[in-house]
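A.B. asks: Hey, dropping model_13.tsv in here, TSV, C-alpha atoms:
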```tsv
chain	number	residue	atom	x	y	z
A	9	MET	CA	-25.68	-20.70	-16.17
A	10	ARG	CA	-26.43	-17.19	-15.03
A	11	LEU	CA	-27.14	-14.70	-17.82
A	12	PHE	CA	-26.18	-11.07	-17.20
A	13	THR	CA	-27.74	-7.96	-18.62
A	14	LEU	CA	-25.20	-5.37	-19.68
A	15	GLU	CA	-26.25	-3.24	-16.72
A	16	GLU	CA	-25.78	-6.11	-14.24
A	17	ALA	CA	-22.33	-6.95	-15.61
A	18	ARG	CA	-21.21	-3.32	-15.52
A	19	ALA	CA	-22.57	-2.91	-11.98
A	20	LEU	CA	-20.50	-5.90	-10.82
A	21	LEU	CA	-17.23	-4.57	-12.27
A	22	PRO	CA	-16.31	-2.26	-9.36
A	23	GLU	CA	-16.42	-5.28	-7.04
A	24	LEU	CA	-14.41	-7.45	-9.44
A	25	LEU	CA	-11.68	-5.00	-10.44
A	26	PRO	CA	-9.58	-5.31	-7.23
A	27	LEU	CA	-10.02	-9.08	-7.38
A	28	LEU	CA	-8.86	-9.21	-11.01
A	29	GLU	CA	-5.83	-7.08	-10.25
A	30	GLU	CA	-4.92	-9.27	-7.28
A	31	LEU	CA	-5.40	-12.36	-9.43
A	32	ARG	CA	-3.18	-10.96	-12.19
A	33	GLN	CA	-0.43	-10.12	-9.70
A	34	ALA	CA	-0.60	-13.62	-8.21
A	35	VAL	CA	-0.34	-15.26	-11.64
A	36	LEU	CA	2.62	-13.05	-12.60
A	37	ARG	CA	4.28	-13.94	-9.29
A	38	LEU	CA	3.73	-17.65	-9.94
A	39	ARG	CA	5.30	-17.30	-13.39
A	40	ALA	CA	8.33	-15.59	-11.85
A	41	ILE	CA	8.66	-18.34	-9.23
A	42	GLU	CA	8.46	-21.00	-11.94
A	43	ALA	CA	11.08	-19.22	-14.03
A	44	ALA	CA	13.39	-18.97	-11.01
A	45	ARG	CA	12.88	-22.66	-10.22
A	46	SER	CA	13.62	-23.64	-13.80
A	47	ALA	CA	16.79	-21.55	-13.82
A	48	ALA	CA	17.88	-23.03	-10.50
A	49	ALA	CA	17.23	-26.57	-11.74
A	50	ARG	CA	19.29	-25.95	-14.86
A	51	GLY	CA	22.10	-24.53	-12.73
A	52	ALA	CA	22.03	-27.49	-10.36
A	53	THR	CA	22.34	-30.03	-13.15
A	54	ALA	CA	24.92	-28.09	-15.16
A	55	ASP	CA	27.77	-28.51	-12.66
A	56	GLY	CA	26.52	-31.58	-10.81
A	57	HIS	CA	26.34	-29.92	-7.39
A	58	ASP	CA	23.29	-29.57	-5.18
A	59	LEU	CA	22.02	-26.04	-4.64
A	60	GLU	CA	21.39	-26.63	-0.94
A	61	PRO	CA	22.94	-28.89	1.64
A	62	PRO	CA	20.82	-32.06	1.87
A	63	PHE	CA	19.68	-31.32	5.44
A	64	ALA	CA	19.04	-27.61	5.09
A	65	VAL	CA	15.84	-26.23	6.54
A	66	THR	CA	13.77	-25.01	3.63
A	67	PRO	CA	11.43	-22.06	4.01
A	68	ALA	CA	7.77	-22.23	3.13
A	69	ASP	CA	7.04	-22.57	-0.55
A	70	PRO	CA	6.82	-19.04	-1.99
A	71	ALA	CA	4.14	-20.23	-4.41
A	72	GLU	CA	1.67	-21.08	-1.62
A	73	GLY	CA	0.35	-17.53	-1.20
A	74	PRO	CA	-0.14	-16.80	-4.91
A	75	ILE	CA	-1.72	-20.22	-5.48
A	76	GLU	CA	-4.22	-19.59	-2.69
A	77	THR	CA	-4.99	-16.14	-4.16
A	78	VAL	CA	-5.70	-17.73	-7.54
A	79	ARG	CA	-7.96	-20.35	-5.93
A	80	LEU	CA	-9.95	-17.82	-3.93
A	81	ALA	CA	-10.32	-15.33	-6.78
A	82	SER	CA	-11.39	-18.07	-9.19
A	83	ARG	CA	-13.99	-19.28	-6.70
A	84	VAL	CA	-15.41	-15.78	-6.19
A	85	LEU	CA	-15.70	-15.24	-9.95
A	86	GLN	CA	-17.37	-18.62	-10.36
A	87	GLU	CA	-19.83	-17.87	-7.54
A	88	HIS	CA	-20.82	-14.70	-9.38
A	89	GLY	CA	-21.29	-16.63	-12.63
A	90	VAL	CA	-18.37	-14.88	-14.33
A	91	GLU	CA	-15.98	-16.93	-16.47
A	92	LEU	CA	-12.25	-16.37	-16.08
A	93	LYS	CA	-10.52	-16.58	-19.46
A	94	ASP	CA	-6.99	-15.25	-18.88
A	95	PRO	CA	-5.93	-14.34	-15.35
A	96	ALA	CA	-2.68	-12.68	-16.47
A	97	GLN	CA	-4.66	-10.23	-18.59
A	98	GLY	CA	-7.60	-9.94	-16.21
A	99	LEU	CA	-9.83	-11.24	-19.01
A	100	ILE	CA	-13.33	-12.31	-18.00
A	101	ASP	CA	-16.61	-13.08	-19.76
A	102	PHE	CA	-20.18	-12.61	-18.63
A	103	PRO	CA	-22.77	-14.91	-20.23
A	104	HIS	CA	-25.37	-12.69	-21.89
A	105	LEU	CA	-28.49	-13.11	-24.03
A	106	ARG	CA	-28.19	-11.20	-27.31
A	107	ASP	CA	-30.73	-11.47	-30.11
A	108	GLY	CA	-32.10	-14.69	-28.61
A	109	ARG	CA	-28.77	-16.51	-28.27
A	110	THR	CA	-26.19	-16.78	-25.53
A	111	VAL	CA	-22.97	-14.83	-26.11
A	112	TYR	CA	-20.31	-13.36	-23.85
A	113	LEU	CA	-19.87	-9.80	-22.69
A	114	CYS	CA	-16.11	-9.46	-22.62
A	115	PHE	CA	-13.93	-7.36	-20.29
A	116	ARG	CA	-10.17	-7.03	-19.87
A	117	LEU	CA	-8.36	-5.14	-17.12
A	118	GLY	CA	-7.42	-1.68	-18.29
A	119	GLU	CA	-10.62	-1.12	-20.23
A	120	PRO	CA	-12.91	1.55	-18.79
A	121	THR	CA	-16.01	-0.67	-18.84
A	122	ILE	CA	-17.58	-3.55	-20.76
A	123	GLN	CA	-17.51	-2.47	-24.39
A	124	TYR	CA	-17.31	-5.76	-26.30
A	125	TRP	CA	-19.11	-9.03	-26.84
A	126	HIS	CA	-18.28	-12.23	-28.71
A	127	GLU	CA	-19.83	-15.54	-29.68
A	128	LEU	CA	-19.25	-18.46	-27.33
A	129	HIS	CA	-16.93	-20.19	-29.78
A	130	THR	CA	-14.91	-17.24	-31.12
A	131	GLY	CA	-13.20	-16.05	-27.96
A	132	PHE	CA	-11.23	-12.86	-27.54
A	133	ALA	CA	-10.22	-12.77	-31.22
A	134	GLY	CA	-13.89	-12.52	-32.18
A	135	ARG	CA	-14.69	-9.52	-29.99
A	136	ARG	CA	-17.04	-6.95	-31.46
A	137	PRO	CA	-18.13	-3.56	-30.11
A	138	LEU	CA	-21.44	-3.68	-28.29
A	139	ASP	CA	-23.06	-1.46	-30.88
A	140	SER	CA	-22.43	-4.01	-33.66
```
Could you write out this structure as C-alpha coordinates?

C.D. replies:
Amino acid sequence: MRLFTLEEARALLPELLPLLEELRQAVLRLRAIEAARSAAARGATADGHDLEPPFAVTPADPAEGPIETVRLASRVLQEHGVELKDPAQGLIDFPHLRDGRTVYLCFRLGEPTIQYWHELHTGFAGRRPLDS
(Lines of atoms letter the chains of each structure in order from A and count residues from 1; the text may use other names and numbers.)
(Lines give C-alpha, C1' and ligand atoms only; values in the text may rest on other atoms or scores of the structure.)
Protein backbone atom coordinates (compact mmCIF):
# COMPACT_ATOMS: atom_id res chain seq x y z
CA MET A 1 0.00 0.00 0.00
CA ARG A 2 1.33 3.38 -0.98
CA LEU A 3 1.34 5.99 1.79
CA PHE A 4 0.90 9.63 0.78
CA THR A 5 2.18 12.71 2.50
CA LEU A 6 -0.36 15.51 2.63
CA GLU A 7 1.71 17.40 0.07
CA GLU A 8 1.80 14.42 -2.33
CA ALA A 9 -1.95 13.88 -2.06
CA ARG A 10 -2.72 17.55 -2.62
CA ALA A 11 -0.31 17.68 -5.58
CA LEU A 12 -2.15 14.76 -7.21
CA LEU A 13 -5.60 16.37 -6.89
CA PRO A 14 -5.41 18.56 -10.03
CA GLU A 15 -4.83 15.41 -12.09
CA LEU A 16 -7.63 13.51 -10.35
CA LEU A 17 -10.34 16.19 -10.33
CA PRO A 18 -11.38 15.81 -14.01
CA LEU A 19 -11.30 12.05 -13.60
CA LEU A 20 -13.51 12.19 -10.50
CA GLU A 21 -16.00 14.46 -12.24
CA GLU A 22 -16.13 12.16 -15.27
CA LEU A 23 -16.56 9.18 -12.96
CA ARG A 24 -19.39 10.87 -11.08
CA GLN A 25 -21.19 11.73 -14.31
CA ALA A 26 -20.84 8.15 -15.55
CA VAL A 27 -22.26 6.73 -12.31
CA LEU A 28 -25.19 9.17 -12.39
CA ARG A 29 -25.83 8.20 -16.03
CA LEU A 30 -25.78 4.50 -15.10
CA ARG A 31 -28.30 5.15 -12.32
CA ALA A 32 -30.57 6.95 -14.78
CA ILE A 33 -30.30 4.08 -17.27
CA GLU A 34 -31.14 1.57 -14.54
CA ALA A 35 -34.13 3.63 -13.43
CA ALA A 36 -35.39 3.84 -17.02
CA ARG A 37 -34.94 0.09 -17.48
CA SER A 38 -36.81 -0.63 -14.26
CA ALA A 39 -39.66 1.65 -15.30
CA ALA A 40 -39.80 0.04 -18.74
CA ALA A 41 -39.83 -3.45 -17.23
CA ARG A 42 -42.70 -2.52 -14.93
CA GLY A 43 -44.60 -1.06 -17.87
CA ALA A 44 -44.04 -4.15 -19.99
CA THR A 45 -45.37 -6.50 -17.35
CA ALA A 46 -48.29 -4.29 -16.31
CA ASP A 47 -50.26 -4.68 -19.54
CA GLY A 48 -48.75 -7.92 -20.81
CA HIS A 49 -47.40 -6.47 -24.06
CA ASP A 50 -43.82 -6.44 -25.23
CA LEU A 51 -42.18 -3.03 -25.48
CA GLU A 52 -40.49 -3.87 -28.78
CA PRO A 53 -41.35 -6.17 -31.63
CA PRO A 54 -39.51 -9.48 -31.09
CA PHE A 55 -37.28 -9.02 -34.15
CA ALA A 56 -36.50 -5.34 -33.76
CA VAL A 57 -32.91 -4.25 -34.20
CA THR A 58 -31.74 -2.99 -30.84
CA PRO A 59 -29.17 -0.22 -30.58
CA ALA A 60 -25.99 -0.56 -28.61
CA ASP A 61 -26.44 -0.74 -24.87
CA PRO A 62 -26.40 2.85 -23.57
CA ALA A 63 -24.68 1.64 -20.39
CA GLU A 64 -21.55 0.48 -22.25
CA GLY A 65 -19.90 3.91 -22.38
CA PRO A 66 -20.51 4.82 -18.72
CA ILE A 67 -19.45 1.34 -17.57
CA GLU A 68 -16.18 1.66 -19.48
CA THR A 69 -15.63 5.13 -17.96
CA VAL A 70 -16.10 3.70 -14.48
CA ARG A 71 -13.67 0.86 -15.21
CA LEU A 72 -10.98 3.14 -16.59
CA ALA A 73 -11.31 5.76 -13.85
CA SER A 74 -11.24 3.11 -11.14
CA ARG A 75 -8.10 1.59 -12.67
CA VAL A 76 -6.33 4.97 -12.83
CA LEU A 77 -7.16 5.70 -9.19
CA GLN A 78 -5.96 2.25 -8.16
CA GLU A 79 -2.71 2.69 -10.11
CA HIS A 80 -2.08 5.89 -8.17
CA GLY A 81 -2.77 4.13 -4.87
CA VAL A 82 -5.94 6.14 -4.22
CA GLU A 83 -9.01 4.38 -2.85
CA LEU A 84 -12.39 5.14 -4.39
CA LYS A 85 -15.08 5.23 -1.70
CA ASP A 86 -18.15 6.75 -3.38
CA PRO A 87 -18.01 7.51 -7.10
CA ALA A 88 -21.31 9.43 -7.10
CA GLN A 89 -19.89 11.87 -4.56
CA GLY A 90 -16.35 11.84 -5.92
CA LEU A 91 -15.19 10.57 -2.53
CA ILE A 92 -11.64 9.23 -2.37
CA ASP A 93 -9.12 8.36 0.34
CA PHE A 94 -5.35 8.54 0.35
CA PRO A 95 -3.55 6.18 2.75
CA HIS A 96 -1.42 8.33 5.06
CA LEU A 97 0.85 7.84 8.06
CA ARG A 98 -0.29 9.95 11.02
CA ASP A 99 1.25 9.69 14.48
CA GLY A 100 2.76 6.31 13.58
CA ARG A 101 -0.44 4.68 12.30
CA THR A 102 -2.07 4.41 8.90
CA VAL A 103 -5.16 6.58 8.40
CA TYR A 104 -6.88 8.08 5.38
CA LEU A 105 -6.67 11.59 4.02
CA CYS A 106 -10.19 12.17 2.77
CA PHE A 107 -11.39 14.25 -0.18
CA ARG A 108 -14.80 14.79 -1.75
CA LEU A 109 -15.55 16.63 -4.99
CA GLY A 110 -16.52 20.20 -4.30
CA GLU A 111 -14.04 20.67 -1.49
CA PRO A 112 -11.22 23.11 -2.25
CA THR A 113 -8.46 20.71 -1.16
CA ILE A 114 -7.78 17.85 1.25
CA GLN A 115 -8.87 19.14 4.64
CA TYR A 116 -9.89 15.99 6.52
CA TRP A 117 -8.60 12.65 7.70
CA HIS A 118 -10.20 9.61 9.34
CA GLU A 119 -9.28 6.28 10.85
CA LEU A 120 -9.33 3.27 8.54
CA HIS A 121 -12.42 1.83 10.21
CA THR A 122 -14.52 4.97 10.76
CA GLY A 123 -15.09 6.08 7.19
CA PHE A 124 -16.59 9.36 6.07
CA ALA A 125 -18.65 9.72 9.26
CA GLY A 126 -15.45 9.80 11.29
CA ARG A 127 -13.79 12.61 9.35
CA ARG A 128 -11.81 15.11 11.38
CA PRO A 129 -10.11 18.35 10.30
CA LEU A 130 -6.42 17.91 9.60
CA ASP A 131 -5.50 20.17 12.49
CA SER A 132 -7.15 17.84 15.03

A.B. asks: Do you have, as CSV, the list of residues of segment 33-138 of chain A lying at most 7 Å from segment 14-25 of chain A, each with its nearest atom pair and that distance in Å to one decimal, counting all atoms listed in the file and ordered by chain then number?

C.D. replies:
```
residue,atom,partner,partner_atom,distance
A:Phe102,CA,A:Ala17,CA,6.8
A:Thr121,CA,A:Arg18,CA,6.7
A:Ile122,CA,A:Arg18,CA,6.4
```

A.B. asks: Grab the atom CA of Arg37 of chain A to atom CA of Val78 of chain A distance for me, in Å with one decimal place.

C.D. replies: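 Calculated distance between atom CA of Arg37 of chain A and atom CA of Val78 of chain A is 10.8 Å.
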
A.B. asks: Work out how far apart atom CA of His126 of chain A and atom CA of Leu138 of chain A are and give it in Å to one decimal.

C.D. replies: 9.1 Å

A.B. asks: For Leu27 of chain A, which residue among A:Leu99, A:Met9, A:Val111, A:Ala43 is the nearest when counting all atoms listed in the file?

C.D. replies: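 Checking each candidate against Leu27 of chain A, we get A:Leu99 as the closest.
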
A.B. asks: How far is it from atom CA of Glu91 of chain A to atom CA of Gly73 of chain A, in Å with one decimal?

C.D. replies: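 Atom CA of Glu91 of chain A sits 22.4 Å away from atom CA of Gly73 of chain A.
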
A.B. asks: Restricting the calculation to all atoms listed in the file, which member of A:His104, A:Thr130, A:Tyr124, A:Arg136 is positioned closest to Thr13 of chain A?

C.D. replies: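 Smallest distance to Thr13 of chain A is found for A:His104.
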
A.B. asks: Under the rule that all atoms listed in the file are counted, which of A:Leu28, A:Leu128, A:Cys114, A:Ala68 is the nearest residue to Pro95 of chain A?

C.D. replies: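 Once distances to Pro95 of chain A are computed over all atoms listed in the file, the minimum belongs to A:Leu28.
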
A.B. asks: I want to know what sits within 12 Å of Asp94 of chain A, based on only C-alpha atoms, with residues of the same chain fewer than 4 positions away left out; could you give that as a PDB file with C-alpha atoms, keeping the file's coordinate frame?

C.D. replies:
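The resulting file, selection-v3.pdb, is shown below:
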```pdb
ATOM      1  CA  LEU A  28      -8.860  -9.210 -11.010  1.00  0.00           C
ATOM      2  CA  GLU A  29      -5.830  -7.080 -10.250  1.00  0.00           C
ATOM      3  CA  LEU A  31      -5.400 -12.360  -9.430  1.00  0.00           C
ATOM      4  CA  ARG A  32      -3.180 -10.960 -12.190  1.00  0.00           C
ATOM      5  CA  VAL A  35      -0.340 -15.260 -11.640  1.00  0.00           C
ATOM      6  CA  LEU A  36       2.620 -13.050 -12.600  1.00  0.00           C
ATOM      7  CA  VAL A  78      -5.700 -17.730  -7.540  1.00  0.00           C
ATOM      8  CA  SER A  82     -11.390 -18.070  -9.190  1.00  0.00           C
ATOM      9  CA  GLY A  98      -7.600  -9.940 -16.210  1.00  0.00           C
ATOM     10  CA  LEU A  99      -9.830 -11.240 -19.010  1.00  0.00           C
ATOM     11  CA  ILE A 100     -13.330 -12.310 -18.000  1.00  0.00           C
ATOM     12  CA  ASP A 101     -16.610 -13.080 -19.760  1.00  0.00           C
ATOM     13  CA  CYS A 114     -16.110  -9.460 -22.620  1.00  0.00           C
ATOM     14  CA  PHE A 115     -13.930  -7.360 -20.290  1.00  0.00           C
ATOM     15  CA  ARG A 116     -10.170  -7.030 -19.870  1.00  0.00           C
ATOM     16  CA  LEU A 117      -8.360  -5.140 -17.120  1.00  0.00           C
ATOM     17  CA  GLY A 131     -13.200 -16.050 -27.960  1.00  0.00           C
ATOM     18  CA  PHE A 132     -11.230 -12.860 -27.540  1.00  0.00           C
TER      19      PHE A 132
END
```

A.B. asks: Return the single residue from A:Ala34, A:Leu85, A:Val90, A:Ala71 that is closest to Arg10 of chain A, with distances computed using only C-alpha atoms.

C.D. replies: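 Among the listed residues, A:Val90 lies closest to Arg10 of chain A.
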